[in-house]
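> Pasting input.cif below, which is mmCIF, C-alpha atoms.
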```
data_input
loop_
_atom_site.group_PDB
_atom_site.id
_atom_site.type_symbol
_atom_site.label_atom_id
_atom_site.label_comp_id
_atom_site.auth_asym_id
_atom_site.auth_seq_id
_atom_site.Cartn_x
_atom_site.Cartn_y
_atom_site.Cartn_z
ATOM 1 C CA ARG A 1 -5.358 -12.341 5.803
ATOM 2 C CA LEU A 2 -6.701 -9.514 7.949
ATOM 3 C CA LEU A 3 -9.339 -8.526 5.404
ATOM 4 C CA SER A 4 -10.435 -12.123 4.840
ATOM 5 C CA LEU A 5 -11.234 -12.431 8.555
ATOM 6 C CA HIS A 6 -12.659 -8.936 9.089
ATOM 7 C CA PRO A 7 -16.414 -8.893 9.826
ATOM 8 C CA LEU A 8 -17.010 -5.589 7.987
ATOM 9 C CA PHE A 9 -15.140 -6.360 4.754
ATOM 10 C CA ASP A 10 -16.362 -8.421 1.852
ATOM 11 C CA VAL A 11 -13.441 -8.940 -0.514
ATOM 12 C CA LYS A 12 -14.802 -8.844 -4.081
ATOM 13 C CA ALA A 13 -11.632 -9.299 -6.136
ATOM 14 C CA VAL A 14 -7.962 -10.019 -5.609
ATOM 15 C CA SER A 15 -5.808 -9.159 -8.573
ATOM 16 C CA ALA A 16 -2.252 -10.183 -9.181
ATOM 17 C CA HIS A 17 -1.598 -9.685 -12.833
ATOM 18 C CA SER A 18 1.295 -12.131 -13.102
ATOM 19 C CA GLN A 19 -0.659 -14.831 -11.229
ATOM 20 C CA ALA A 20 -4.053 -14.220 -12.893
ATOM 21 C CA GLY A 21 -6.028 -17.453 -13.021
ATOM 22 C CA GLU A 22 -4.088 -19.131 -10.225
ATOM 23 C CA LEU A 23 -5.713 -20.040 -6.923
ATOM 24 C CA ILE A 24 -4.851 -17.505 -4.244
ATOM 25 C CA ILE A 25 -3.982 -20.346 -1.856
ATOM 26 C CA SER A 26 -1.507 -21.802 -4.366
ATOM 27 C CA VAL A 27 0.575 -18.631 -4.054
ATOM 28 C CA HIS A 28 -0.308 -17.790 -0.440
ATOM 29 C CA PRO A 29 -1.216 -21.056 1.329
ATOM 30 C CA GLN A 30 -1.869 -19.196 4.597
ATOM 31 C CA LEU A 31 -4.947 -17.538 3.025
ATOM 32 C CA GLN A 32 -7.187 -20.594 3.376
ATOM 33 C CA ASN A 33 -10.300 -18.396 3.734
ATOM 34 C CA TYR A 34 -10.084 -17.687 0.007
ATOM 35 C CA GLY A 35 -10.633 -21.379 -0.805
ATOM 36 C CA GLN A 36 -11.136 -21.721 -4.570
ATOM 37 C CA THR A 37 -10.908 -17.988 -5.313
ATOM 38 C CA ARG A 38 -8.518 -17.161 -8.130
ATOM 39 C CA PHE A 39 -6.450 -14.084 -8.865
ATOM 40 C CA VAL A 40 -7.855 -11.919 -11.650
ATOM 41 C CA LYS A 41 -6.123 -9.566 -14.058
ATOM 42 C CA ASN A 42 -6.100 -5.904 -13.019
ATOM 43 C CA GLU A 43 -8.088 -4.950 -16.118
ATOM 44 C CA ASP A 44 -10.812 -7.466 -15.215
ATOM 45 C CA VAL A 45 -11.641 -5.778 -11.905
ATOM 46 C CA ASP A 46 -14.952 -3.887 -12.022
ATOM 47 C CA PHE A 47 -13.854 -0.861 -9.993
ATOM 48 C CA LYS A 48 -17.184 0.966 -10.269
ATOM 49 C CA ASN A 49 -18.848 -1.656 -8.054
ATOM 50 C CA LEU A 50 -16.296 -1.393 -5.249
ATOM 51 C CA ASP A 51 -16.248 0.839 -2.176
ATOM 52 C CA LEU A 52 -12.549 0.547 -1.344
ATOM 53 C CA VAL A 53 -9.462 -0.506 -3.288
ATOM 54 C CA PHE A 54 -6.055 -1.364 -1.866
ATOM 55 C CA LEU A 55 -3.221 -0.998 -4.375
ATOM 56 C CA ALA A 56 0.061 -2.796 -3.708
ATOM 57 C CA LEU A 57 1.987 -2.250 -6.897
ATOM 58 C CA PRO A 58 5.621 -1.563 -7.766
ATOM 59 C CA HIS A 59 6.686 2.084 -7.671
ATOM 60 C CA GLY A 60 5.312 4.056 -10.587
ATOM 61 C CA GLU A 61 2.433 1.686 -11.425
ATOM 62 C CA SER A 62 -0.406 2.840 -9.152
ATOM 63 C CA ALA A 63 -1.017 6.092 -11.027
ATOM 64 C CA ALA A 64 -2.057 4.244 -14.208
ATOM 65 C CA ILE A 65 -4.585 2.100 -12.343
ATOM 66 C CA VAL A 66 -5.956 5.075 -10.373
ATOM 67 C CA GLU A 67 -6.993 6.730 -13.633
ATOM 68 C CA LYS A 68 -9.385 3.795 -14.218
ATOM 69 C CA ILE A 69 -11.005 3.957 -10.769
ATOM 70 C CA PRO A 70 -14.068 6.198 -10.307
ATOM 71 C CA SER A 71 -13.551 9.131 -7.926
ATOM 72 C CA SER A 72 -16.319 7.770 -5.663
ATOM 73 C CA VAL A 73 -14.186 4.720 -4.802
ATOM 74 C CA LYS A 74 -11.823 5.087 -1.851
ATOM 75 C CA ILE A 75 -8.226 4.056 -2.498
ATOM 76 C CA ILE A 76 -5.373 3.190 -0.166
ATOM 77 C CA ASP A 77 -2.111 2.993 -2.083
ATOM 78 C CA LEU A 78 0.488 0.816 -0.389
ATOM 79 C CA GLY A 79 3.073 1.743 -3.025
ATOM 80 C CA ALA A 80 5.113 4.917 -3.191
ATOM 81 C CA ASP A 81 3.370 6.716 -6.054
ATOM 82 C CA PHE A 82 1.498 9.312 -3.976
ATOM 83 C CA ARG A 83 3.645 9.513 -0.811
ATOM 84 C CA LEU A 84 5.968 12.386 -1.629
ATOM 85 C CA SER A 85 4.850 15.986 -2.029
ATOM 86 C CA ASP A 86 8.134 17.116 -3.556
ATOM 87 C CA LYS A 87 8.370 16.290 -7.273
ATOM 88 C CA SER A 88 12.165 16.552 -7.263
ATOM 89 C CA ALA A 89 12.409 14.152 -4.292
ATOM 90 C CA TRP A 90 10.258 11.635 -6.199
ATOM 91 C CA GLU A 91 12.517 11.913 -9.248
ATOM 92 C CA LYS A 92 15.624 11.551 -7.081
ATOM 93 C CA TYR A 93 14.488 8.489 -5.113
ATOM 94 C CA TYR A 94 12.185 6.685 -7.544
ATOM 95 C CA GLY A 95 12.672 8.153 -11.004
ATOM 96 C CA GLY A 96 9.953 8.734 -13.568
ATOM 97 C CA ALA A 97 6.988 11.079 -13.424
ATOM 98 C CA HIS A 98 5.595 12.243 -10.086
ATOM 99 C CA ALA A 99 1.934 11.147 -9.891
ATOM 100 C CA GLY A 100 0.876 13.652 -7.237
ATOM 101 C CA THR A 101 0.377 13.706 -3.503
ATOM 102 C CA TRP A 102 -2.309 12.190 -1.300
ATOM 103 C CA VAL A 103 -2.749 12.503 2.447
ATOM 104 C CA TYR A 104 -0.124 10.424 4.257
ATOM 105 C CA GLY A 105 -1.771 7.541 6.116
ATOM 106 C CA LEU A 106 -0.145 7.197 9.526
ATOM 107 C CA PRO A 107 -2.999 8.008 11.951
ATOM 108 C CA GLU A 108 -1.236 6.641 15.035
ATOM 109 C CA LEU A 109 0.927 9.741 15.371
ATOM 110 C CA SER A 110 -1.709 12.447 15.743
ATOM 111 C CA PRO A 111 -5.461 12.622 16.468
ATOM 112 C CA SER A 112 -5.803 15.515 14.003
ATOM 113 C CA HIS A 113 -4.053 13.497 11.309
ATOM 114 C CA LYS A 114 -6.415 10.588 11.957
ATOM 115 C CA GLU A 115 -9.354 12.917 11.295
ATOM 116 C CA ALA A 116 -7.733 14.276 8.115
ATOM 117 C CA ILE A 117 -7.270 10.722 6.824
ATOM 118 C CA SER A 118 -10.867 9.749 7.600
ATOM 119 C CA ASN A 119 -12.126 12.642 5.434
ATOM 120 C CA GLN A 120 -10.150 11.563 2.349
ATOM 121 C CA THR A 121 -10.984 9.221 -0.510
ATOM 122 C CA ARG A 122 -7.316 8.804 -1.471
ATOM 123 C CA VAL A 123 -4.659 7.830 1.082
ATOM 124 C CA ALA A 124 -0.956 7.132 0.544
ATOM 125 C CA ASN A 125 0.245 4.528 3.000
ATOM 126 C CA PRO A 126 3.734 5.063 4.370
ATOM 127 C CA GLY A 127 6.338 2.419 3.679
ATOM 128 C CA CYS A 128 7.534 -0.147 6.191
ATOM 129 C CA TYR A 129 10.719 1.735 7.092
ATOM 130 C CA ALA A 130 8.941 5.067 7.606
ATOM 131 C CA THR A 131 6.253 3.386 9.697
ATOM 132 C CA SER A 132 8.618 1.414 11.915
ATOM 133 C CA ILE A 133 10.932 4.379 12.437
ATOM 134 C CA SER A 134 8.152 6.897 13.133
ATOM 135 C CA LEU A 135 6.189 4.664 15.490
ATOM 136 C CA GLY A 136 9.341 3.438 17.190
ATOM 137 C CA LEU A 137 10.637 6.948 17.871
ATOM 138 C CA ALA A 138 7.316 8.629 18.677
ATOM 139 C CA PRO A 139 7.289 7.868 22.428
ATOM 140 C CA ALA A 140 10.783 9.356 22.811
ATOM 141 C CA ILE A 141 10.092 12.642 21.015
ATOM 142 C CA GLY A 142 10.013 15.407 23.581
ATOM 143 C CA PHE A 143 12.368 13.491 25.873
ATOM 144 C CA ILE A 144 15.379 13.304 23.566
ATOM 145 C CA ASP A 145 17.199 15.677 21.250
ATOM 146 C CA SER A 146 15.421 14.858 17.993
ATOM 147 C CA THR A 147 17.368 17.266 15.789
ATOM 148 C CA ASP A 148 19.960 14.700 14.746
ATOM 149 C CA ILE A 149 18.433 11.239 14.712
ATOM 150 C CA VAL A 150 20.172 8.626 12.600
ATOM 151 C CA VAL A 151 18.477 5.330 11.854
ATOM 152 C CA VAL A 152 20.283 2.358 10.386
ATOM 153 C CA ALA A 153 17.878 -0.239 9.048
ATOM 154 C CA ALA A 154 18.121 -3.480 7.131
ATOM 155 C CA SER A 155 15.653 -5.612 5.259
ATOM 156 C CA GLY A 156 15.571 -9.216 4.185
ATOM 157 C CA THR A 157 14.737 -10.195 0.641
ATOM 158 C CA THR A 158 11.021 -9.788 1.322
ATOM 159 C CA GLY A 159 11.605 -6.038 1.504
ATOM 160 C CA ALA A 160 12.339 -6.156 -2.211
ATOM 161 C CA GLY A 161 9.205 -8.035 -3.136
ATOM 162 C CA ARG A 162 8.247 -11.676 -3.251
ATOM 163 C CA ASN A 163 11.340 -12.943 -5.062
ATOM 164 C CA ALA A 164 14.885 -13.197 -3.767
ATOM 165 C CA LYS A 165 17.245 -11.089 -5.836
ATOM 166 C CA ILE A 166 20.925 -11.841 -6.205
ATOM 167 C CA ASN A 167 21.984 -8.308 -5.226
ATOM 168 C CA LEU A 168 20.143 -8.711 -1.898
ATOM 169 C CA ILE A 169 21.656 -12.036 -0.812
#
```
Can the structure from this file be put into structure tokens for me?

Amino acid sequence: RLLSLHPLFDVKAVSAHSQAGELIISVHPQLQNYGQTRFVKNEDVDFKNLDLVFLALPHGESAAIVEKIPSSVKIIDLGADFRLSDKSAWEKYYGGAHAGTWVYGLPELSPSHKEAISNQTRVANPGCYATSISLGLAPAIGFIDSTDIVVVAASGTTGAGRNAKINLI
């Protein structure tokens, strides 16, 4: 929605492999700006003619797509594939092979971090929990004892993807 209304972005392709061929508005009726635009298959996207790609794939799937994207194209990965620098932490929390580490994209916390992000072509976006916790606590750091912070968080079924799952009800 934000990109469809942004004056500096021209969205060239929206892929959703499982919905390829369907109208975007049939799956997301709030995206009326996309009119008769249809989802395409991931493999049908011509990455070499793009300036920026947003990936929003399940954990462990971004790395395979990244291999097909030219290094000149900027990528923001909204999944977890490139968030963690510690290979053993990746294996513990997500399982499978660790794809590598990109700069962590949370510029709101530090002017120097914002500059580091702007100089990168590959950025790993933090997840919703990490973002909400970090931004929520940031104003208090320096005023509270931050050595033993405990956060209890909950998510509705949308936190697990688009479909409700029985173990989350």
> Give me the residues near segment 96-112 of chain A as an MDAnalysis selection string, where near means some atom within 10 Å (using all atoms listed in the file) and where sequence neighbours in that chain fewer than 4 positions away do not count.
chainID A and resid 59:64 66 76:78 80:92 116:127 130:131 134:135 138:139
> Suppose we keep C-alpha atoms; can you now write the selection as a compact mmCIF listing (two decimals), in the coordinates of the input?

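The file below, result22.txt, is the result:
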```
# COMPACT_ATOMS: atom_id res chain seq x y z
CA HIS A 59 6.69 2.08 -7.67
CA GLY A 60 5.31 4.06 -10.59
CA GLU A 61 2.43 1.69 -11.42
CA SER A 62 -0.41 2.84 -9.15
CA ALA A 63 -1.02 6.09 -11.03
CA ALA A 64 -2.06 4.24 -14.21
CA VAL A 66 -5.96 5.08 -10.37
CA ILE A 76 -5.37 3.19 -0.17
CA ASP A 77 -2.11 2.99 -2.08
CA LEU A 78 0.49 0.82 -0.39
CA ALA A 80 5.11 4.92 -3.19
CA ASP A 81 3.37 6.72 -6.05
CA PHE A 82 1.50 9.31 -3.98
CA ARG A 83 3.64 9.51 -0.81
CA LEU A 84 5.97 12.39 -1.63
CA SER A 85 4.85 15.99 -2.03
CA ASP A 86 8.13 17.12 -3.56
CA LYS A 87 8.37 16.29 -7.27
CA SER A 88 12.16 16.55 -7.26
CA ALA A 89 12.41 14.15 -4.29
CA TRP A 90 10.26 11.64 -6.20
CA GLU A 91 12.52 11.91 -9.25
CA LYS A 92 15.62 11.55 -7.08
CA ALA A 116 -7.73 14.28 8.12
CA ILE A 117 -7.27 10.72 6.82
CA SER A 118 -10.87 9.75 7.60
CA ASN A 119 -12.13 12.64 5.43
CA GLN A 120 -10.15 11.56 2.35
CA THR A 121 -10.98 9.22 -0.51
CA ARG A 122 -7.32 8.80 -1.47
CA VAL A 123 -4.66 7.83 1.08
CA ALA A 124 -0.96 7.13 0.54
CA ASN A 125 0.24 4.53 3.00
CA PRO A 126 3.73 5.06 4.37
CA GLY A 127 6.34 2.42 3.68
CA ALA A 130 8.94 5.07 7.61
CA THR A 131 6.25 3.39 9.70
CA SER A 134 8.15 6.90 13.13
CA LEU A 135 6.19 4.66 15.49
CA ALA A 138 7.32 8.63 18.68
CA PRO A 139 7.29 7.87 22.43
```
> Spell out the residues picked by the PyMOL selection byres ((chain A and resi 37) around 9) here, as a VMD selection string.
chain A and resid 13 to 14 22 to 25 34 to 36 38 to 39
> I'd like the interatomic distance between atom CA of Val40 of chain A and atom CA of Gln19 of chain A, to a tenth of an Å.
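Interatomic distance, atom CA of Val40 of chain A to atom CA of Gln19 of chain A: 7.8 Å.
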> Between atom CA of Leu57 of chain A and atom CA of Ile69 of chain A, what distance in Å does the model show, to one decimal?
14.9 Å
> Which residue is closest to Glu43 of chain A? Choose from A:Ile65, A:Leu3, A:Cys128, A:Ala154 and count all atoms listed in the file.
A:Ile65
> So, with all atoms listed in the file as the atoms that count, which of A:Gly21, A:Val11, A:Ala16, A:Pro29 lies closest to Asn42 of chain A?
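That would be A:Ala16, the residue with the smallest distance to Asn42 of chain A.
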> Please identify all polymer residues lying at most 7 Å from the point (-7.8, -2.8, -2.3) (file coordinates), using only C-alpha atoms, and present the result as a PDB file with C-alpha atoms, in the coordinates of the input.

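Okay, this is what ended up in result.pdb:
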```pdb
ATOM      1  CA  LEU A  52     -12.549   0.547  -1.344  1.00  0.00           C
ATOM      2  CA  VAL A  53      -9.462  -0.506  -3.288  1.00  0.00           C
ATOM      3  CA  PHE A  54      -6.055  -1.364  -1.866  1.00  0.00           C
ATOM      4  CA  LEU A  55      -3.221  -0.998  -4.375  1.00  0.00           C
ATOM      5  CA  ILE A  75      -8.226   4.056  -2.498  1.00  0.00           C
ATOM      6  CA  ILE A  76      -5.373   3.190  -0.166  1.00  0.00           C
TER       7      ILE A  76
END
```
> What separation in Å, quoted to one decimal, exists between atom CA of Pro70 of chain A and atom CA of Arg1 of chain A?
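So the answer is 26.1 Å.
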> Which residue, A:Tyr94, A:Ala20, A:Leu8, A:Lys74, has the smallest gap to Pro58 of chain A when you use all atoms listed in the file?
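Under the stated criterion, the closest residue is A:Tyr94.
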> Assuming 6 Å of padding per side, give the centre and edge lengths of the axis-aligned box around every listed atom of segment 109-122 of chain A, in Å to one decimal and as lines of an AutoDock Vina configuration file.

```
center_x = -5.6
center_y = 12.2
center_z = 7.5
size_x = 25.1
size_y = 18.7
size_z = 29.9
```
